[in-house]
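Undergrad: Got a structure for you, written out below as structure tokens; questions coming shortly.
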Amino acid sequence: MFAIDIRTIFLSYIIVNIVNLLLVAFLYFQIKKRFPGTLLILISFSMSSIGNILVFLRDYIPDWVSISVANTIVVSSTLVLLIALEVFVNKKGPQIHNYFLILIFSLVHFYFAFINPNLNARGINFSVAYLLLSFQISFLMLKRTSHSMRKITRPVGFVFVAVFIIQLFRIFYLLDDYSQSINYFKSGQSEAFFILTWVVILILLAYSIILMYNKRLIIEVNVQEEKFSKAFHAAPFIIMLSRLTDGDIFEVNNYIEPISGYHPKELIGLNTNDLKIWKQPGDRVNFISDLKKNGSVIEDEYEFRKKSGEIFTGLISAEIIHINNEQCIISVIDDITRRKQTEFDLKQSEASLRKLNSTKDKFFSIIAHDLRSPFNGILGFSEILIEQVRKKDYTGVDKYANIINTSSHHAVNLLSNLMEWSRSQTGRMEFSPEYIELARMIKSVVGLIMITAEHKLIKITLNIPSNFVLYADKSMIETVLRNLISNAIKFTPKNGAVIIRAEEKENEYVVAVKDSGVGIEKKNLAKLFRIDSSYSTLGSENEKGTGLGLILCKDFIEKHKGKIWVESEFGTGSTFYFSLPKME
């Protein structure tokens, strides 16, 4: 029936074994880290190839190697394959009974090879071992594994069902065969047919295993792709994939629409430069430069433009990745516009709170020290006066009376500033502008404090045009003028001069109060109008300030949308300016 002998057919069987081994080896090196059990499958095919090569070398190597050892290795390769498949489907089971099976198979094979040589008995022993192992593998692949995995493992299970049936038929055939041959390679045509059948089975086994891995790989890739897609599109920030070479966008998640107004499909294939997404064109150049230099960018802050033209602030992180051997950029942009606004609001609140704390500290300081000090002087010297009058001793009475008068004026000024400042801080001071003749107001204020100037022989010069009419709150501006002129007199020594002038500019009136006093050091100029670092010093005759006058002036001028500032040279004098805008 066959033109070639069994050894030649067996050689083709070995060649198929080796080809399958190479295929499985290639499979192992491709996916060895992805699926468990792949190394054991490679070992199983290696053992099968080695065992069959040893069988093929019968008559050239010792019989105990080519018969007992070789067939034990071949049967053991199937047991290793069973263990590998259990690992693959995560259905590990006890193998102690299979270890006994291999031991019994080895002993029986040795007995019928060397003690009582019988080729048929060895064939039946081989088929029984394969029958039991193939049943376990087919049951594992078709029943033991989970329902979701059965679609993948079913082809391998069917191959081993075929192995089970073939080995069953072989057992029945060998039981009826009374051939006395003890040399396997001199067996009849039926064994040649069995080997050819086994070649087909071996090809189907390799194909079904590769198909099983391929199906599982496709399923896992699809699962991973689904996970990636869901995570990609559900992320609460923009994720964009673009080419590094030209900046063309080829993938973007759905969250770009609520942030930027662009639908994802609008952006595919377009360039970020063409879309003008970057607020400043140079920003993208800097971004790409940093990305190429470092390979990644982590939370750099840039401003981006929405589809509507509105600007939003984003934190961008990016990394260079390779997709199909092409350099691409994966960019993540988080809209932090609200966060920036919140940070700004917090800073504003912090500044406001700091100012309130400083105001509170200043208020308590004035009450605890500045306000108590003049009253202590008044009480102390008034008690001395009472005692001296009682004793009719009038020595120094005029001096004590003058001190009491000065302390009383200081206390009144302090109380007046404190009341006006507290009303201003609490919002209880109404802003009631009216038309005011500036020259008349300044003359009125100067008249109230002229006594102090005359006491120090200070000359006050007015350079105020008579036609200047302001639209302002009279009481506030009077307070400002009273404080500035009082300060000028206080810091000007005897026989000095104070000049008050006003000029009209295009959109405002500017009033200046200049003195020839002690001046202010440059390092202290910034402290003059600040509540948290107020600056106060004694006058030319040790007059005390209230510590609130200039701060009150600043508040009142700012209510008029004006400005207040100072120019000073230490040792020469100071000039305080304030401006008031013209109003229709």
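In the structure tokens, chains take the letters A, B, ... in the order shown, each chain's residues start at 1, and ligands count up from 1 in the order shown.
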Show me, as an MDAnalysis selection string, the residues that have an atom within 9 Å of segment 50-52 of chain A when counting only C-alpha atoms, minus same-chain residues fewer than 3 positions from it.

TA: chainID A and resid 10 13:14 17 45:47 55:57 66 69:75 77

Undergrad: Next, write the just-selected residues to a file, as a PDB file, in the first residue's frame, keeping N, CA and C atoms as the atom set.

TA:
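Once written, result.pdb looks like this:
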ATOM      1  N   PHE A  10       8.192   8.257   9.655  1.00  0.00           N
ATOM      2  CA  PHE A  10       8.491   8.757  10.998  1.00  0.00           C
ATOM      3  C   PHE A  10       9.405   9.988  10.925  1.00  0.00           C
ATOM      4  N   TYR A  13       7.352  12.843  10.361  1.00  0.00           N
ATOM      5  CA  TYR A  13       6.699  13.167  11.636  1.00  0.00           C
ATOM      6  C   TYR A  13       7.633  14.011  12.531  1.00  0.00           C
ATOM      7  N   ILE A  14       8.932  13.625  12.553  1.00  0.00           N
ATOM      8  CA  ILE A  14       9.908  14.383  13.343  1.00  0.00           C
ATOM      9  C   ILE A  14      10.079  15.798  12.774  1.00  0.00           C
ATOM     10  N   ASN A  17       7.366  17.820  13.937  1.00  0.00           N
ATOM     11  CA  ASN A  17       7.633  18.145  15.343  1.00  0.00           C
ATOM     12  C   ASN A  17       8.555  19.350  15.472  1.00  0.00           C
ATOM     13  N   PHE A  45       6.643  20.805  23.688  1.00  0.00           N
ATOM     14  CA  PHE A  45       6.977  20.536  22.281  1.00  0.00           C
ATOM     15  C   PHE A  45       8.445  20.144  22.139  1.00  0.00           C
ATOM     16  N   SER A  46       9.300  20.725  22.987  1.00  0.00           N
ATOM     17  CA  SER A  46      10.725  20.364  22.956  1.00  0.00           C
ATOM     18  C   SER A  46      10.894  18.904  23.365  1.00  0.00           C
ATOM     19  N   MET A  47      10.204  18.498  24.444  1.00  0.00           N
ATOM     20  CA  MET A  47      10.297  17.107  24.909  1.00  0.00           C
ATOM     21  C   MET A  47       9.769  16.147  23.850  1.00  0.00           C
ATOM     22  N   VAL A  55      13.534   7.992  19.389  1.00  0.00           N
ATOM     23  CA  VAL A  55      12.865   6.818  18.817  1.00  0.00           C
ATOM     24  C   VAL A  55      13.391   6.546  17.416  1.00  0.00           C
ATOM     25  N   PHE A  56      13.562   7.644  16.639  1.00  0.00           N
ATOM     26  CA  PHE A  56      14.023   7.506  15.257  1.00  0.00           C
ATOM     27  C   PHE A  56      15.434   6.917  15.192  1.00  0.00           C
ATOM     28  N   LEU A  57      16.233   7.184  16.246  1.00  0.00           N
ATOM     29  CA  LEU A  57      17.619   6.702  16.264  1.00  0.00           C
ATOM     30  C   LEU A  57      17.753   5.277  16.768  1.00  0.00           C
ATOM     31  N   SER A  66      16.372   4.497  23.326  1.00  0.00           N
ATOM     32  CA  SER A  66      15.461   4.712  22.192  1.00  0.00           C
ATOM     33  C   SER A  66      14.062   4.154  22.448  1.00  0.00           C
ATOM     34  N   VAL A  69      13.379   5.322  27.560  1.00  0.00           N
ATOM     35  CA  VAL A  69      13.551   6.760  27.836  1.00  0.00           C
ATOM     36  C   VAL A  69      12.797   7.600  26.825  1.00  0.00           C
ATOM     37  N   ALA A  70      12.942   7.260  25.543  1.00  0.00           N
ATOM     38  CA  ALA A  70      12.325   8.060  24.485  1.00  0.00           C
ATOM     39  C   ALA A  70      10.806   8.121  24.641  1.00  0.00           C
ATOM     40  N   ASN A  71      10.162   6.964  24.836  1.00  0.00           N
ATOM     41  CA  ASN A  71       8.705   6.950  24.942  1.00  0.00           C
ATOM     42  C   ASN A  71       8.207   7.602  26.235  1.00  0.00           C
ATOM     43  N   THR A  72       9.014   7.468  27.316  1.00  0.00           N
ATOM     44  CA  THR A  72       8.644   8.142  28.570  1.00  0.00           C
ATOM     45  C   THR A  72       8.670   9.659  28.383  1.00  0.00           C
ATOM     46  N   ILE A  73       9.687  10.145  27.649  1.00  0.00           N
ATOM     47  CA  ILE A  73       9.780  11.588  27.377  1.00  0.00           C
ATOM     48  C   ILE A  73       8.586  12.051  26.541  1.00  0.00           C
ATOM     49  N   VAL A  74       8.214  11.261  25.538  1.00  0.00           N
ATOM     50  CA  VAL A  74       7.097  11.646  24.657  1.00  0.00           C
ATOM     51  C   VAL A  74       5.793  11.723  25.448  1.00  0.00           C
ATOM     52  N   VAL A  75       5.536  10.692  26.286  1.00  0.00           N
ATOM     53  CA  VAL A  75       4.303  10.706  27.081  1.00  0.00           C
ATOM     54  C   VAL A  75       4.346  11.829  28.121  1.00  0.00           C
ATOM     55  N   SER A  77       5.773  14.636  27.803  1.00  0.00           N
ATOM     56  CA  SER A  77       5.548  15.921  27.131  1.00  0.00           C
ATOM     57  C   SER A  77       4.058  16.270  27.102  1.00  0.00           C
TER      58      SER A  77
END

Undergrad: Which of segment 426-475 of chain A end up as helix (DSSP H, G or I) when DSSP is run on this backbone - answer as a list in words?

TA: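 Answer for segment 426-475 of chain A restricted to helix (DSSP H, G or I) is Leu438, Ala439, Arg440, Met441, Ile442, Lys443, Ser444, Val445, Val446, Gly447, Leu448, Ile449, Met450, Ile451, Thr452, Ala453, Glu454, His455, Lys474 and Ser475 of chain A.
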
Undergrad: Where does segment 25-67 of chain A meet segment 211-230 of chain A within 12 Å, residue by residue, with the nearest atom pair and distance in Å to one decimal for each, counting only C-alpha atoms, listed by chain and rising number, as CSV?

TA:
residue,atom,partner,partner_atom,distance
A:Leu27,CA,A:Tyr213,CA,8.7
A:Tyr28,CA,A:Tyr213,CA,10.3
A:Gln30,CA,A:Tyr213,CA,10.9
A:Ile31,CA,A:Tyr213,CA,8.9
A:Lys32,CA,A:Tyr213,CA,11.0
A:Arg34,CA,A:Leu217,CA,8.7
A:Phe35,CA,A:Tyr213,CA,8.4
A:Pro36,CA,A:Tyr213,CA,10.9
A:Gly37,CA,A:Tyr213,CA,11.0
A:Thr38,CA,A:Tyr213,CA,9.4
A:Ile41,CA,A:Tyr213,CA,11.5

Undergrad: When you look at Pro581 of chain A with a cut-off of 9 Å (counting only C-alpha atoms), what residues show up, excluding the ones that are within fewer than 2 positions of it in the same chain? I need them as a list in words.

TA: Leu470, Tyr471, Asn507, Glu508, Tyr509, Val510, His560, Lys561, Gly562, Ser579 and Met583 of chain A

Undergrad: List as a list of chain:residue names the protein and nucleic acid residues near Pro236 of chain A, meaning an atom at most 12 Å away when only C-alpha atoms are counted, but skip any in the same chain fewer than 6 places from it.

TA: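 My list of contacting residues is A:Lys230, A:Asn253, A:Asn254, A:Tyr255, A:Ile256, A:Glu257, A:Pro258, A:Ile259, A:Val332, A:Ile333, A:Asp334, A:Asp335, A:Ile336.
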
Undergrad: The selected residues should be written to file as a short mmCIF file (atom, residue, chain, number, x, y, z; two decimals), in the first residue's frame (atoms: all heavy atoms).

TA:
data_model
loop_
_atom_site.label_atom_id
_atom_site.label_comp_id
_atom_site.auth_asym_id
_atom_site.auth_seq_id
_atom_site.Cartn_x
_atom_site.Cartn_y
_atom_site.Cartn_z
N LYS A 230 -12.49 54.12 26.88
CA LYS A 230 -13.38 54.67 27.91
C LYS A 230 -12.63 55.64 28.80
O LYS A 230 -13.12 56.73 29.12
CB LYS A 230 -13.98 53.54 28.74
CG LYS A 230 -15.05 52.74 27.99
CD LYS A 230 -15.64 51.64 28.87
CE LYS A 230 -16.73 50.89 28.11
NZ LYS A 230 -17.32 49.80 28.93
N ASN A 253 -9.70 63.40 22.77
CA ASN A 253 -10.83 62.85 23.53
C ASN A 253 -12.03 63.79 23.53
O ASN A 253 -11.94 64.97 23.13
CB ASN A 253 -10.41 62.50 24.95
CG ASN A 253 -10.11 63.73 25.79
OD1 ASN A 253 -9.78 64.79 25.27
ND2 ASN A 253 -10.21 63.60 27.10
N ASN A 254 -13.15 63.28 24.01
CA ASN A 254 -14.41 64.03 23.94
C ASN A 254 -14.44 65.25 24.86
O ASN A 254 -15.23 66.17 24.64
CB ASN A 254 -15.59 63.12 24.29
CG ASN A 254 -15.80 62.03 23.26
OD1 ASN A 254 -15.45 62.20 22.09
ND2 ASN A 254 -16.34 60.89 23.67
N TYR A 255 -13.60 65.25 25.89
CA TYR A 255 -13.67 66.34 26.87
C TYR A 255 -13.17 67.66 26.31
O TYR A 255 -13.30 68.69 26.96
CB TYR A 255 -12.87 65.97 28.12
CG TYR A 255 -13.39 66.66 29.37
CD1 TYR A 255 -14.55 66.21 29.99
CD2 TYR A 255 -12.73 67.76 29.91
CE1 TYR A 255 -15.04 66.84 31.12
CE2 TYR A 255 -13.22 68.39 31.05
CZ TYR A 255 -14.36 67.93 31.65
OH TYR A 255 -14.84 68.57 32.76
N ILE A 256 -12.61 67.62 25.10
CA ILE A 256 -12.15 68.87 24.51
C ILE A 256 -13.32 69.80 24.19
O ILE A 256 -13.18 71.02 24.19
CB ILE A 256 -11.31 68.61 23.24
CG1 ILE A 256 -10.54 69.88 22.86
CG2 ILE A 256 -12.19 68.12 22.09
CD1 ILE A 256 -9.48 69.66 21.81
N GLU A 257 -14.51 69.19 23.94
CA GLU A 257 -15.65 70.03 23.55
C GLU A 257 -16.14 70.93 24.67
O GLU A 257 -16.29 72.15 24.47
CB GLU A 257 -16.79 69.15 23.02
CG GLU A 257 -17.91 69.95 22.38
CD GLU A 257 -18.86 69.09 21.58
OE1 GLU A 257 -18.76 67.84 21.67
OE2 GLU A 257 -19.71 69.65 20.87
N PRO A 258 -16.40 70.41 25.91
CA PRO A 258 -16.84 71.32 26.97
C PRO A 258 -15.78 72.33 27.39
O PRO A 258 -16.11 73.39 27.92
CB PRO A 258 -17.19 70.38 28.13
CG PRO A 258 -16.50 69.10 27.84
CD PRO A 258 -16.43 69.00 26.36
N ILE A 259 -14.50 72.03 27.16
CA ILE A 259 -13.45 72.97 27.55
C ILE A 259 -13.21 74.01 26.48
O ILE A 259 -13.19 75.21 26.74
CB ILE A 259 -12.14 72.21 27.86
CG1 ILE A 259 -12.30 71.37 29.14
CG2 ILE A 259 -10.97 73.18 28.05
CD1 ILE A 259 -11.07 70.58 29.52
N VAL A 332 -1.65 66.30 27.55
CA VAL A 332 -2.76 66.36 28.50
C VAL A 332 -2.87 67.81 28.97
O VAL A 332 -1.91 68.38 29.47
CB VAL A 332 -2.55 65.43 29.70
CG1 VAL A 332 -3.69 65.59 30.70
CG2 VAL A 332 -2.44 63.99 29.24
N ILE A 333 -4.05 68.42 28.74
CA ILE A 333 -4.25 69.82 29.12
C ILE A 333 -5.39 69.90 30.13
O ILE A 333 -6.51 69.47 29.85
CB ILE A 333 -4.59 70.69 27.89
CG1 ILE A 333 -3.50 70.56 26.82
CG2 ILE A 333 -4.76 72.15 28.29
CD1 ILE A 333 -3.82 71.26 25.52
N ASP A 334 -5.08 70.44 31.30
CA ASP A 334 -6.07 70.58 32.36
C ASP A 334 -6.45 72.06 32.49
O ASP A 334 -5.58 72.92 32.64
CB ASP A 334 -5.49 70.08 33.68
CG ASP A 334 -6.54 69.98 34.78
OD1 ASP A 334 -7.73 70.11 34.48
OD2 ASP A 334 -6.15 69.78 35.95
N ASP A 335 -7.75 72.34 32.37
CA ASP A 335 -8.23 73.72 32.47
C ASP A 335 -8.19 74.16 33.94
O ASP A 335 -8.91 73.63 34.78
CB ASP A 335 -9.66 73.79 31.93
CG ASP A 335 -10.21 75.22 31.93
OD1 ASP A 335 -9.44 76.14 32.30
OD2 ASP A 335 -11.37 75.42 31.55
N ILE A 336 -7.32 75.13 34.23
CA ILE A 336 -7.18 75.60 35.63
C ILE A 336 -7.65 77.05 35.77
O ILE A 336 -7.24 77.74 36.70
CB ILE A 336 -5.72 75.47 36.10
CG1 ILE A 336 -4.78 76.31 35.22
CG2 ILE A 336 -5.28 74.03 36.12
CD1 ILE A 336 -3.39 76.45 35.81
#

Undergrad: Distance atom CA of Glu437 of chain A-atom CA of Val469 of chain A, one decimal place?

TA: 4.7 Å

Undergrad: Can you tell me, as a ChimeraX atom specification, what residues are no more than 9 Å from Phe468 of chain A when counting only C-alpha atoms, ignoring any on the same chain fewer than 6 positions away?

TA: /A:436-439,502-504,509

Undergrad: Name the residues in contact with segment 452-464 of chain A at a cut-off of 12 Å, using only C-alpha atoms, excluding same-chain residues fewer than 3 positions from it; report them as a ChimeraX atom specification.

TA: /A:402,405-406,409-410,437-449,467-469,485-504,509-517,539-541,543
